[in-house]
Structure formats: structure tokens, C-alpha cells
$ cat coords.cif   # mmCIF, C-alpha atoms and all ligand atoms
data_start
#
loop_
_atom_site.label_atom_id
_atom_site.label_comp_id
_atom_site.auth_asym_id
_atom_site.auth_seq_id
_atom_site.Cartn_x
_atom_site.Cartn_y
_atom_site.Cartn_z
CA MET A 1 -108.40 -166.63 235.44
CA LYS A 2 -105.29 -165.33 233.65
CA THR A 3 -105.34 -161.91 231.98
CA LEU A 4 -102.60 -160.58 229.72
CA ALA A 5 -102.65 -156.82 229.11
CA ILE A 6 -100.62 -154.51 226.92
CA GLU A 7 -100.10 -150.81 227.60
CA THR A 8 -98.64 -148.58 224.86
CA SER A 9 -100.45 -145.26 225.31
CA CYS A 10 -97.30 -143.17 225.51
CA ASP A 11 -93.60 -143.96 225.91
CA GLU A 12 -93.64 -147.20 227.92
CA THR A 13 -94.02 -150.59 226.26
CA ALA A 14 -95.62 -152.62 229.04
CA VAL A 15 -97.01 -156.16 229.31
CA ALA A 16 -98.50 -157.66 232.46
CA ILE A 17 -100.05 -160.98 233.40
CA LEU A 18 -102.46 -161.33 236.30
CA GLU A 19 -103.94 -164.44 237.92
CA ASP A 20 -107.27 -162.93 239.03
CA ASP A 21 -106.09 -159.72 240.76
CA ARG A 22 -102.63 -161.06 241.63
CA VAL A 23 -99.75 -159.69 239.56
CA LEU A 24 -97.68 -162.57 238.13
CA ALA A 25 -95.59 -160.31 235.88
CA SER A 26 -95.42 -156.60 235.09
CA GLU A 27 -92.72 -155.80 232.54
CA ILE A 28 -91.98 -152.29 231.28
CA ALA A 29 -89.51 -151.15 228.62
CA SER A 30 -89.12 -147.42 229.05
CA GLN A 31 -88.25 -145.22 226.08
CA ILE A 32 -87.33 -142.20 228.22
CA ASP A 33 -83.70 -142.19 227.06
CA LEU A 34 -84.84 -141.99 223.40
CA HIS A 35 -87.13 -139.00 224.03
CA ARG A 36 -84.98 -137.09 226.53
CA ALA A 37 -82.92 -135.51 223.74
CA TYR A 38 -86.15 -133.88 222.44
CA GLY A 39 -87.33 -132.70 225.90
CA GLY A 40 -90.57 -134.68 225.54
CA VAL A 41 -92.23 -137.63 223.82
CA VAL A 42 -92.03 -137.69 219.98
CA PRO A 43 -95.14 -139.65 218.85
CA GLU A 44 -93.67 -141.35 215.79
CA VAL A 45 -90.52 -142.38 217.63
CA ALA A 46 -92.75 -143.85 220.38
CA SER A 47 -94.86 -145.92 217.95
CA ARG A 48 -91.88 -147.33 216.12
CA ASN A 49 -90.14 -148.24 219.34
CA HIS A 50 -93.25 -150.05 220.62
CA LEU A 51 -93.07 -152.16 217.47
CA VAL A 52 -89.45 -153.06 218.22
CA LYS A 53 -89.96 -153.71 221.95
CA MET A 54 -93.30 -155.55 221.85
CA ARG A 55 -92.08 -159.09 221.29
CA PRO A 56 -89.17 -159.03 223.79
CA VAL A 57 -91.35 -157.46 226.52
CA LEU A 58 -94.13 -159.99 225.86
CA LEU A 59 -91.69 -162.91 226.08
CA LYS A 60 -90.17 -161.49 229.26
CA ALA A 61 -93.60 -161.21 230.89
CA LEU A 62 -94.54 -164.78 229.94
CA ALA A 63 -91.24 -166.06 231.35
CA ALA A 64 -91.60 -164.05 234.58
CA ALA A 65 -95.15 -165.38 235.04
CA ASN A 66 -93.97 -168.88 234.20
CA THR A 67 -96.78 -169.33 231.71
CA ASP A 68 -97.40 -169.42 227.95
CA LEU A 69 -99.95 -167.89 225.61
CA THR A 70 -102.18 -170.99 225.58
CA GLU A 71 -102.88 -170.49 229.31
CA ILE A 72 -104.16 -166.91 228.93
CA ASP A 73 -107.94 -166.52 229.28
CA THR A 74 -108.30 -162.87 228.21
CA PHE A 75 -106.18 -160.48 226.15
CA ALA A 76 -106.48 -156.74 226.83
CA ALA A 77 -104.97 -153.45 225.69
CA THR A 78 -105.23 -149.76 226.47
CA ALA A 79 -107.57 -148.12 223.92
CA GLY A 80 -107.00 -144.50 225.01
CA PRO A 81 -106.39 -141.79 225.94
CA GLY A 82 -102.91 -141.54 224.47
CA LEU A 83 -100.97 -141.25 221.23
CA ALA A 84 -102.94 -142.83 218.35
CA GLY A 85 -99.99 -144.52 216.65
CA ALA A 86 -98.67 -145.84 219.95
CA LEU A 87 -102.08 -147.18 221.04
CA LEU A 88 -102.47 -149.01 217.72
CA ILE A 89 -99.38 -151.15 218.35
CA GLY A 90 -100.64 -152.53 221.67
CA ASN A 91 -104.21 -152.92 220.41
CA THR A 92 -103.23 -154.74 217.26
CA THR A 93 -100.96 -157.10 219.18
CA ALA A 94 -103.59 -157.95 221.81
CA LYS A 95 -106.30 -158.43 219.17
CA ALA A 96 -104.07 -160.69 217.07
CA LEU A 97 -103.28 -162.82 220.15
CA ALA A 98 -106.99 -163.02 221.06
CA LEU A 99 -107.86 -164.06 217.51
CA ALA A 100 -105.10 -166.65 217.28
CA HIS A 101 -105.95 -168.22 220.65
CA HIS A 102 -109.77 -167.95 220.33
CA LYS A 103 -110.02 -165.85 223.50
CA PRO A 104 -111.87 -162.60 224.23
CA PHE A 105 -110.32 -159.16 223.71
CA ILE A 106 -111.01 -156.32 226.16
CA ALA A 107 -110.29 -152.63 225.48
CA VAL A 108 -109.39 -150.65 228.60
CA ASN A 109 -109.44 -146.94 229.39
CA HIS A 110 -105.98 -145.92 230.67
CA LEU A 111 -107.55 -143.54 233.21
CA GLU A 112 -109.70 -146.34 234.67
CA GLY A 113 -106.45 -148.32 235.00
CA HIS A 114 -104.88 -145.57 237.12
CA LEU A 115 -108.13 -144.95 239.03
CA LEU A 116 -108.49 -148.58 240.18
CA SER A 117 -104.78 -149.36 240.67
CA PRO A 118 -104.88 -148.68 244.45
CA PHE A 119 -107.30 -151.62 244.84
CA MET A 120 -105.18 -154.17 242.98
CA GLY A 121 -104.56 -157.18 245.19
CA HIS A 122 -106.42 -155.54 248.09
CA PRO A 123 -108.37 -158.11 250.13
CA ASP A 124 -111.50 -155.88 250.21
CA GLY A 125 -111.40 -155.21 246.45
CA ILE A 126 -112.99 -152.07 245.02
CA ARG A 127 -115.00 -150.05 247.53
CA PRO A 128 -116.54 -146.59 247.80
CA CYS A 129 -114.00 -143.79 248.19
CA VAL A 130 -112.86 -140.41 246.97
CA ALA A 131 -110.31 -140.99 244.22
CA LEU A 132 -107.64 -138.57 243.01
CA VAL A 133 -105.97 -139.33 239.65
CA VAL A 134 -102.83 -137.22 239.16
CA SER A 135 -100.95 -138.03 235.97
CA GLY A 136 -99.09 -136.23 233.21
CA GLY A 137 -102.29 -135.39 231.35
CA HIS A 138 -105.03 -135.45 234.00
CA THR A 139 -105.96 -134.24 237.47
CA LEU A 140 -109.33 -135.74 238.37
CA LEU A 141 -111.22 -135.84 241.66
CA ILE A 142 -113.81 -138.59 241.54
CA HIS A 143 -116.47 -140.01 243.83
CA LEU A 144 -115.99 -143.73 243.20
CA ARG A 145 -119.10 -145.63 244.31
CA ALA A 146 -118.40 -149.03 242.74
CA PHE A 147 -116.67 -150.54 239.68
CA GLY A 148 -117.93 -148.50 236.68
CA ASP A 149 -119.85 -146.04 238.88
CA TYR A 150 -117.79 -142.86 238.91
CA HIS A 151 -118.91 -139.30 239.54
CA LEU A 152 -116.50 -136.57 238.41
CA CYS A 153 -116.43 -133.91 241.17
CA GLY A 154 -113.46 -131.80 240.08
CA LYS A 155 -110.64 -131.49 237.57
CA THR A 156 -107.87 -129.12 236.59
CA ARG A 157 -108.87 -125.99 234.70
CA ASP A 158 -105.47 -125.72 233.00
CA ASP A 159 -102.31 -127.80 233.51
CA ALA A 160 -102.43 -131.32 234.93
CA ALA A 161 -100.39 -131.78 238.13
CA GLY A 162 -97.74 -133.88 236.34
CA GLU A 163 -97.57 -131.36 233.51
CA ALA A 164 -96.86 -128.62 236.09
CA PHE A 165 -94.05 -130.75 237.58
CA ASP A 166 -92.57 -131.30 234.09
CA LYS A 167 -92.83 -127.63 233.04
CA VAL A 168 -91.35 -126.29 236.28
CA ALA A 169 -88.52 -128.83 236.04
CA LYS A 170 -87.79 -127.53 232.53
CA MET A 171 -87.64 -123.94 233.87
CA LEU A 172 -85.15 -125.16 236.47
CA GLY A 173 -82.98 -126.77 233.78
CA LEU A 174 -83.76 -130.33 234.90
CA PRO A 175 -84.04 -133.22 232.40
CA TYR A 176 -87.32 -134.76 231.16
CA PRO A 177 -89.44 -136.14 232.79
CA GLY A 178 -89.23 -133.55 235.55
CA GLY A 179 -91.48 -135.08 238.21
CA PRO A 180 -88.96 -137.60 239.57
CA GLU A 181 -86.16 -134.97 239.38
CA ILE A 182 -88.14 -132.49 241.50
CA ASP A 183 -89.04 -135.29 243.93
CA ARG A 184 -85.33 -136.11 244.36
CA LEU A 185 -84.06 -132.51 244.64
CA ALA A 186 -86.88 -131.38 246.95
CA LYS A 187 -85.52 -133.69 249.64
CA GLU A 188 -82.49 -131.37 249.93
CA GLY A 189 -84.56 -128.16 249.94
CA ASN A 190 -86.69 -126.09 252.31
CA PRO A 191 -90.43 -126.21 251.46
CA ASP A 192 -90.94 -122.82 253.22
CA ALA A 193 -88.15 -121.01 251.36
CA TYR A 194 -90.55 -119.52 248.81
CA ASP A 195 -94.19 -118.70 249.48
CA PHE A 196 -95.91 -119.97 246.32
CA PRO A 197 -99.70 -119.61 245.79
CA ARG A 198 -102.14 -122.38 246.75
CA SER A 199 -104.58 -121.75 243.91
CA MET A 200 -108.28 -122.57 244.30
CA LEU A 201 -107.86 -123.65 247.91
CA LYS A 202 -110.33 -121.10 249.24
CA ARG A 203 -112.97 -121.85 246.60
CA PRO A 204 -115.85 -124.15 247.55
CA ASP A 205 -115.66 -126.20 244.31
CA HIS A 206 -113.38 -129.20 243.73
CA ASP A 207 -111.44 -127.94 240.71
CA PHE A 208 -107.69 -127.29 240.50
CA SER A 209 -105.46 -124.80 238.68
CA PHE A 210 -101.69 -124.98 238.43
CA SER A 211 -100.86 -122.33 235.81
CA GLY A 212 -100.66 -119.47 238.38
CA LEU A 213 -98.22 -121.49 240.45
CA LYS A 214 -96.13 -122.20 237.37
CA THR A 215 -96.00 -118.46 236.54
CA ALA A 216 -95.07 -117.64 240.15
CA VAL A 217 -92.10 -120.02 239.91
CA LEU A 218 -91.05 -118.40 236.61
CA TYR A 219 -91.15 -114.86 238.11
CA THR A 220 -89.24 -116.05 241.15
CA ILE A 221 -86.51 -117.56 238.92
CA ASP A 222 -86.32 -114.29 236.93
CA GLY A 223 -85.94 -112.27 240.13
CA LEU A 224 -83.34 -114.46 241.86
CA ASP A 225 -80.36 -112.63 243.33
CA ILE A 226 -78.40 -115.88 243.70
CA ALA A 227 -77.42 -118.44 241.05
CA LEU A 228 -80.25 -120.76 239.97
CA ALA A 229 -78.14 -123.79 240.93
CA GLU A 230 -78.04 -122.53 244.54
CA ALA A 231 -81.79 -121.94 244.70
CA ARG A 232 -82.87 -125.08 242.83
CA ALA A 233 -83.48 -127.44 245.75
CA ASP A 234 -85.47 -124.79 247.69
CA LEU A 235 -87.51 -123.95 244.58
CA CYS A 236 -88.29 -127.66 244.02
CA ALA A 237 -89.31 -128.20 247.65
CA SER A 238 -91.47 -125.04 247.79
CA PHE A 239 -93.18 -125.72 244.44
CA GLN A 240 -93.82 -129.37 245.35
CA GLU A 241 -95.27 -128.39 248.73
CA ALA A 242 -97.69 -125.93 247.09
CA VAL A 243 -98.98 -128.64 244.70
CA ILE A 244 -99.28 -131.22 247.48
CA ASP A 245 -101.02 -128.79 249.84
CA VAL A 246 -103.79 -128.16 247.32
CA LEU A 247 -104.13 -131.83 246.28
CA THR A 248 -104.30 -133.19 249.84
CA ARG A 249 -106.58 -130.52 251.28
CA LYS A 250 -109.11 -130.55 248.44
CA THR A 251 -109.24 -134.37 248.33
CA ILE A 252 -109.76 -134.65 252.09
CA ARG A 253 -112.36 -131.87 252.05
CA LEU A 254 -114.37 -133.70 249.34
CA ALA A 255 -114.25 -136.97 251.30
CA GLN A 256 -115.52 -135.15 254.39
CA SER A 257 -118.35 -133.49 252.48
CA LEU A 258 -119.42 -136.83 250.95
CA GLY A 259 -119.00 -138.79 254.19
CA GLU A 260 -116.48 -141.19 252.60
CA ARG A 261 -113.78 -142.67 254.84
CA CYS A 262 -111.34 -143.87 252.18
CA LEU A 263 -109.04 -142.09 249.69
CA ALA A 264 -107.60 -143.81 246.59
CA ILE A 265 -104.66 -141.89 245.11
CA SER A 266 -103.27 -142.82 241.69
CA GLY A 267 -101.37 -141.69 238.56
CA GLY A 268 -97.69 -140.96 237.96
CA VAL A 269 -97.55 -138.05 240.43
CA SER A 270 -98.65 -140.41 243.22
CA CYS A 271 -95.17 -141.92 242.91
CA ASN A 272 -93.94 -138.72 244.62
CA ASN A 273 -92.46 -139.49 248.04
CA ARG A 274 -93.57 -136.30 249.78
CA LEU A 275 -97.10 -136.56 248.32
CA ARG A 276 -97.47 -140.14 249.60
CA GLN A 277 -96.34 -139.15 253.10
CA ALA A 278 -98.46 -135.98 253.17
CA PHE A 279 -101.61 -137.93 252.24
CA VAL A 280 -100.98 -140.53 254.93
CA ASP A 281 -100.24 -137.89 257.61
CA ARG A 282 -103.09 -135.54 256.76
CA ALA A 283 -105.66 -138.31 256.33
CA ALA A 284 -104.69 -139.73 259.74
CA ALA A 285 -105.02 -136.27 261.31
CA ALA A 286 -108.43 -135.62 259.69
CA SER A 287 -111.58 -135.86 261.73
CA PRO A 288 -112.72 -138.60 261.40
CA PRO A 289 -109.43 -140.20 260.27
CA LEU A 290 -109.40 -141.41 256.68
CA GLU A 291 -107.79 -144.50 255.17
CA VAL A 292 -105.40 -143.92 252.26
CA LEU A 293 -104.88 -146.44 249.44
CA ILE A 294 -101.98 -145.79 247.04
CA ALA A 295 -100.53 -148.38 244.68
CA PRO A 296 -96.88 -149.39 245.20
CA PRO A 297 -94.60 -146.87 243.38
CA ALA A 298 -93.98 -149.19 240.38
CA LEU A 299 -97.73 -149.40 239.75
CA THR A 300 -98.39 -145.64 239.97
CA THR A 301 -96.59 -144.64 236.75
CA ASP A 302 -97.68 -146.19 233.45
CA ASN A 303 -97.80 -150.00 233.59
CA ALA A 304 -99.85 -152.85 232.15
CA ALA A 305 -100.81 -154.47 235.47
CA MET A 306 -103.41 -151.77 236.11
CA ILE A 307 -104.82 -152.36 232.61
CA ALA A 308 -105.03 -156.11 233.26
CA TYR A 309 -106.79 -155.43 236.57
CA VAL A 310 -109.56 -153.43 234.84
CA ALA A 311 -109.79 -156.10 232.12
CA TRP A 312 -110.23 -158.79 234.81
CA GLN A 313 -113.06 -156.75 236.37
CA LYS A 314 -114.71 -156.45 232.95
CA ALA A 315 -114.15 -160.12 232.04
CA GLN A 316 -116.03 -161.23 235.16
CA ARG A 317 -118.97 -159.11 234.01
CA GLY A 318 -118.82 -160.39 230.41
CA GLN A 319 -117.82 -156.93 229.13
CA HIS A 320 -115.79 -158.03 226.09
CA SER A 321 -114.85 -155.68 223.23
CA PRO A 322 -115.29 -156.36 219.50
CA LEU A 323 -112.12 -156.94 217.46
CA GLU A 324 -113.41 -154.13 215.21
CA SER A 325 -113.08 -151.56 218.03
CA ASP A 326 -111.06 -148.39 217.37
CA VAL A 327 -108.54 -146.64 219.60
CA ASP A 328 -109.43 -143.15 220.88
CA PRO A 329 -106.62 -140.66 221.67
CA ASN A 330 -109.14 -138.47 223.55
CA LEU A 331 -111.02 -141.25 225.34
CA ARG A 332 -112.72 -139.91 228.47
CA LEU A 333 -113.61 -141.71 231.64
CA ALA A 334 -117.33 -142.50 231.71
CA THR A 335 -118.53 -140.44 234.68
CA GLY A 336 -121.99 -139.53 235.84
O1 LIG B 401 -99.41 -141.66 234.94
P1 LIG B 401 -98.16 -141.33 234.20
O2 LIG B 401 -97.00 -142.27 234.29
O3 LIG B 401 -98.46 -141.07 232.70
C1 LIG B 401 -99.64 -140.44 232.26
O4 LIG B 401 -100.67 -141.15 232.14
O5 LIG B 401 -99.57 -139.21 232.09
O6 LIG B 401 -97.72 -139.88 234.75
C2 LIG B 401 -96.59 -139.26 234.28
C3 LIG B 401 -96.41 -137.99 235.08
C4 LIG B 401 -95.28 -137.12 234.54
O7 LIG B 401 -95.74 -135.78 234.48
C5 LIG B 401 -94.19 -137.29 235.57
O8 LIG B 401 -93.34 -136.18 235.70
C6 LIG B 401 -95.00 -137.50 236.85
O9 LIG B 401 -96.08 -138.30 236.43
N1 LIG B 401 -94.22 -138.17 237.88
C7 LIG B 401 -93.93 -137.60 239.07
C8 LIG B 401 -93.11 -138.53 239.76
N2 LIG B 401 -92.95 -139.64 238.97
C9 LIG B 401 -93.65 -139.40 237.83
N3 LIG B 401 -94.26 -136.41 239.59
C10 LIG B 401 -93.78 -136.12 240.81
N4 LIG B 401 -92.99 -136.95 241.54
C11 LIG B 401 -92.63 -138.16 241.04
N5 LIG B 401 -91.85 -138.97 241.77
ZN ZN B 402 -100.75 -142.84 232.82
#
$ encode --input "coords.cif" --output "C-alpha cells" --more "lines below"
Ligand code: KG4
Ligand code: ZN
Amino acid sequence: MKTLAIETSCDETAVAILEDDRVLASEIASQIDLHRAYGGVVPEVASRNHLVKMRPVLLKALAAANTDLTEIDTFAATAGPGLAGALLIGNTTAKALALAHHKPFIAVNHLEGHLLSPFMGHPDGIRPCVALVVSGGHTLLIHLRAFGDYHLCGKTRDDAAGEAFDKVAKMLGLPYPGGPEIDRLAKEGNPDAYDFPRSMLKRPDHDFSFSGLKTAVLYTIDGLDIALAEARADLCASFQEAVIDVLTRKTIRLAQSLGERCLAISGGVSCNNRLRQAFVDRAAAASPPLEVLIAPPALTTDNAAMIAYVAWQKAQRGQHSPLESDVDPNLRLATG
């Protein structure tokens, strides 16, 4: 079964084609250069650029997958959460294609795309685990029992992990988006140079908080007795380590308390090199050892392959969406 999915929730115009759960094409046109001048995503600029990029990205995906629209069995698009105007472009395109080719349309929750991305192409498919979704807008700790059966165990009480990366990068004078910049600079720094707080680590619940850490970095920058440029790499490494310490320890602790042996880590922040390594090392050292599933780096940040994967799961269960369906900028993940 071939699924074509479109992702336009924010600043990436993405189209992917899957044959069952195998990725035939995953094309992404990033708008980062357009938004960098503003220090963040400008919603109207994003929507208009999706309109411009949609056709070329679609044609590129069809060519890469060596297929054409008549061979697609299901058309899907991200329905939220995200920017309303941006979501509308992808939704309208996918619905028009479904209508023209007399095929079903499936609306997909972007967060479910991230959540299930570690299982894409995995021989065992989706299986029970503790899942951590760390993106620009969300930090969710979920007990995943099966497809569609998610229990929300913890979330951030203030900033999302990716948001903290982006805000701290801004304080350090690094360009948008800050996550990849901190990742790169941290490799040259000492993670023990500054002793930043590990918020919420001692609490028994599974929630996170990153605003105290962000403030600690700000005060440290204000009190520096050397030039910021000299301290930057150490600040990046120490900040990053504090975030990763909390994320890894709380995720592993939840898995141990639930008796789950598998961790599924997803979202843009799971592209981070140190985070990936720390999860693998700490899960292997846990008692009992835990297995870690993380999507390849290109499938951790926003992409349409993860949307197609969820659509394929839904298509097999007959979970089609009406063409009259709306987008929802605040769409939540259905959790019990
Ligand atoms: O999942 P995503 O692409 O978009 C959302 O759904 O939000 O996540 C974007 C977030 C941004 O905050 C970005 O700075 C962060 O993921 N990010 C990273 C890295 N790559 C992207 N954070 C840390 N290290 C990275 N390598
Ligand atoms: Zn995302």
C-alpha cells in the first residue's frame, strides 16, 4: 500500500511516500533562511512559502519514489498542532489529491507522527514502551501500550526542551534555530564548566521544568568575568548536559517503575548527538538494561515520512477522515 503524506505545520514543506512502512521518498524544503532574519518563524511568511514550494516538493517526492499520483492508495496531511495558515496549505493539497484520484484522505496529529517515528521500518513494529517526545513545542513522557493507546505520564510545566535550547542559544548570540548550534558548539566545550540546576529531578512525578535552567544560564552570562565568546562552548556544553541529565534520568526511571524494557525517543531535540549517545549509554547501564529506539536524525526533526507512517497505521484500521475536517492549531494527543 502506498501512502503520500504532506507536512506543513510550521516552516518545513515536506512530502513523503511510503510503501507500507518503508520510506520511498522523504523530501523537505526548509524555510529556515527566510525566517532567520526575524529570529523565529513568521506565520504568514510560512504559509505563503508553503504555497510556492508545494508543487516542486511534491514532484520531487514522486520522482524520488519512482511513482505517480495514480499509484497512491491514501493521501494524508498533518492537521495540527501547528500554524493554522500553514496547516491549511498541506491539508487542502492532500484533500484535493484524494478527491481527484478517488482515494481516502487521512488527517494526522503531528505529535503522533513524532511519537511513532522510532518504530518506522522496525521489524517488530509498534510495541509497548516509554516514549519521550522532545520538540520545539512539546516535552511529553508517555506510556505507549499499543497504536492509539497512549497514557500521558508527564510533561513540561513551562518551556519545551527545544524551546529552552532556542532561547538559550539566543542569549548566547547564536542564530535561529538554536538547537543544532548548541549541539555543534557543545562538542568543543566542557559539560562540567558550569553547575546548572537539574530541575524536578528529585521529585517523584514525571513532569519537567526548564525555565529555572534558562534563568540560571542568563545570570551566569550576566556575571561572566571573561568575554561571552570565550565562555560560549562551555556554556553550551553545560546547559545541554543539564537538559539531557533530566530527560534521560526521568525517562529511565518511568520505564523502571512501569516495568517497560524499551524507550522510544522522538522530536527535533532527539536529533541532538549528545542526547542520543547519553540515552544509549544510560539505558545500557540501567538495571535491567533497556533498549533504545530513536529515528535516524533526518526523521527526528519535522518531516512527512512520520506523518505517512501514522496514516498507514490508520488506513489499515479503516480510520479515514472526512474531506470536511478542519485543522486544529492546538490539537492534542489523545491520551488516557
Ligand atoms: O520536532 P521539531 O522539528 O519541530 C516541532 O515540532 O517543534 O523540533 C524543533 C526543535 C527546535 O527547538 C530545535 O532547536 C530543536 O528541535 N533541535 C535540536 C537539534 N535539532 C533540532 N535541539 C538540540 N539539538 C539538535 N541537534
Ligand atoms: Zn515537530
$ residues_near_point --input "coords.cif" --point "(-111.3, -163.8, 232.7)" --cutoff "6 Å" --atoms "all atoms listed in the file" --output "VMD selection string"
chain A and resid 1 73 to 74 312 315 to 316
$ residues_near_point --input "coords.cif" --point "(-107.4, -139.2, 232.2)" --cutoff "8 Å" --atoms "all atoms listed in the file" --output "list in words"
Pro81, His110, Leu111, Glu112, Val133, Ser135, Gly137, His138, Thr139, Leu140, Arg332 and Leu333 of chain A
$ residues_near_ligand --input "coords.cif" --ligand "ligand ZN 402 (chain B)" --cutoff "12 Å" --atoms "only C-alpha atoms and all ligand atoms" --output "ChimeraX atom specification"
/A:7-12,14,78,80-83,109-115,117,133-139,160,162-163,266-271,298-307
$ atom_distance --input "coords.cif" --atom1 "CA of Ala229 in chain A" --atom2 "CA of Gly189 in chain A"
11.9 Å
$ closest_residue --input "coords.cif" --among "A:Leu132, A:Ile17, A:Val327, A:Val45" --to "Leu152 in chain A" --atoms "all atoms listed in the file"
A:Leu132
$ residues_around --input "coords.cif" --residues "Pro288 in chain A" --least-positions-apart "2" --cutoff "10 Å" --atoms "all atoms listed in the file" --output "list in words"
Gln256, Gly259, Glu260, Arg261, Ala283, Ala284, Ala285, Ala286, Leu290 and Glu291 of chain A
$ axis_aligned_box --input "coords.cif" --around "ligand LIG 401 (chain B)" --padding-each-side "5 Å" --output "lines of an AutoDock Vina configuration file"
center_x = -96.3
center_y = -139.0
center_z = 236.9
size_x = 18.8
size_y = 16.5
size_z = 19.7
$ closest_residue --input "coords.cif" --among "A:His143, A:Arg274, A:Lys202, A:His101" --to "ligand LIG 401 (chain B)" --atoms "all atoms listed in the file"
A:Arg274
$ closest_residue --input "coords.cif" --among "A:Ser257, A:Val168, A:Pro180, A:Glu230" --to "Thr215 in chain A" --atoms "only C-alpha atoms"
A:Val168
$ residues_around --input "coords.cif" --residues "range 319-326 of chain A" --least-positions-apart "4" --cutoff "9 Å" --atoms "all atoms listed in the file" --output "PyMOL selection string"
chain A and resi 79+88+91+95-96+98-99+104-107+311+313-315
$ atom_distance --input "coords.cif" --atom1 "CA of Gly85 in chain A" --atom2 "CA of Met54 in chain A"
13.9 Å
$ atom_distance --input "coords.cif" --atom1 "CA of Leu97 in chain A" --atom2 "CA of Arg22 in chain A"
21.6 Å
$ residues_around --input "coords.cif" --residues "range 216-224 of chain A" --least-positions-apart "3" --cutoff "9 Å" --atoms "all atoms listed in the file" --output "PyMOL selection string"
chain A and resi 168+171-172+194+196-197+211-213+227-228+231+235+239
$ residues_around --input "coords.cif" --residues "Asp21 in chain A" --least-positions-apart "6" --cutoff "7 Å" --atoms "only C-alpha atoms" --output "list in words"
Met120, Gly121 and Tyr309 of chain A
$ residues_around --input "coords.cif" --residues "Lys170 in chain A" --least-positions-apart "3" --cutoff "12 Å" --atoms "all atoms listed in the file" --output "mmCIF file with C-alpha atoms, in the frame of the given file"
data_model
loop_
_atom_site.group_PDB
_atom_site.id
_atom_site.type_symbol
_atom_site.label_atom_id
_atom_site.label_comp_id
_atom_site.auth_asym_id
_atom_site.auth_seq_id
_atom_site.Cartn_x
_atom_site.Cartn_y
_atom_site.Cartn_z
ATOM 1 C CA ARG A 36 -84.980 -137.090 226.530
ATOM 2 C CA GLY A 39 -87.330 -132.700 225.900
ATOM 3 C CA GLY A 40 -90.570 -134.680 225.540
ATOM 4 C CA GLU A 163 -97.570 -131.360 233.510
ATOM 5 C CA ALA A 164 -96.860 -128.620 236.090
ATOM 6 C CA PHE A 165 -94.050 -130.750 237.580
ATOM 7 C CA ASP A 166 -92.570 -131.300 234.090
ATOM 8 C CA LYS A 167 -92.830 -127.630 233.040
ATOM 9 C CA GLY A 173 -82.980 -126.770 233.780
ATOM 10 C CA LEU A 174 -83.760 -130.330 234.900
ATOM 11 C CA PRO A 175 -84.040 -133.220 232.400
ATOM 12 C CA TYR A 176 -87.320 -134.760 231.160
ATOM 13 C CA PRO A 177 -89.440 -136.140 232.790
ATOM 14 C CA GLY A 178 -89.230 -133.550 235.550
ATOM 15 C CA GLY A 179 -91.480 -135.080 238.210
ATOM 16 C CA GLU A 181 -86.160 -134.970 239.380
ATOM 17 C CA ILE A 182 -88.140 -132.490 241.500
ATOM 18 C CA LYS A 214 -96.130 -122.200 237.370
ATOM 19 C CA VAL A 217 -92.100 -120.020 239.910
ATOM 20 C CA LEU A 218 -91.050 -118.400 236.610
ATOM 21 C CA ILE A 221 -86.510 -117.560 238.920
ATOM 22 C CA ARG A 232 -82.870 -125.080 242.830
ATOM 23 C CA CYS A 236 -88.290 -127.660 244.020
#
$ build_atoms --input "coords.cif" --residues "range 45-56 of chain A" --atoms "N, CA and C atoms" --output "compact mmCIF listing (two decimals), in the coordinates of the input"
# COMPACT_ATOMS: atom_id res chain seq x y z
N VAL A 45 -91.61 -141.60 217.03
CA VAL A 45 -90.52 -142.38 217.63
C VAL A 45 -91.10 -143.39 218.62
N ALA A 46 -92.12 -142.96 219.38
CA ALA A 46 -92.75 -143.85 220.38
C ALA A 46 -93.38 -145.05 219.68
N SER A 47 -94.18 -144.81 218.63
CA SER A 47 -94.86 -145.92 217.95
C SER A 47 -93.87 -146.92 217.41
N ARG A 48 -92.84 -146.42 216.75
CA ARG A 48 -91.88 -147.33 216.12
C ARG A 48 -91.11 -148.13 217.16
N ASN A 49 -90.85 -147.50 218.30
CA ASN A 49 -90.14 -148.24 219.34
C ASN A 49 -91.02 -149.30 220.01
N HIS A 50 -92.33 -149.02 220.09
CA HIS A 50 -93.25 -150.05 220.62
C HIS A 50 -93.19 -151.30 219.74
N LEU A 51 -93.12 -151.06 218.43
CA LEU A 51 -93.07 -152.16 217.47
C LEU A 51 -91.82 -153.02 217.69
N VAL A 52 -90.72 -152.36 218.00
CA VAL A 52 -89.45 -153.06 218.22
C VAL A 52 -89.47 -153.81 219.56
N LYS A 53 -90.04 -153.16 220.60
CA LYS A 53 -89.96 -153.71 221.95
C LYS A 53 -91.04 -154.73 222.28
N MET A 54 -92.12 -154.76 221.48
CA MET A 54 -93.30 -155.55 221.85
C MET A 54 -92.98 -157.02 222.10
N ARG A 55 -92.31 -157.65 221.15
CA ARG A 55 -92.08 -159.09 221.29
C ARG A 55 -91.16 -159.41 222.48
N PRO A 56 -90.01 -158.72 222.62
CA PRO A 56 -89.17 -159.03 223.79
C PRO A 56 -89.87 -158.80 225.13
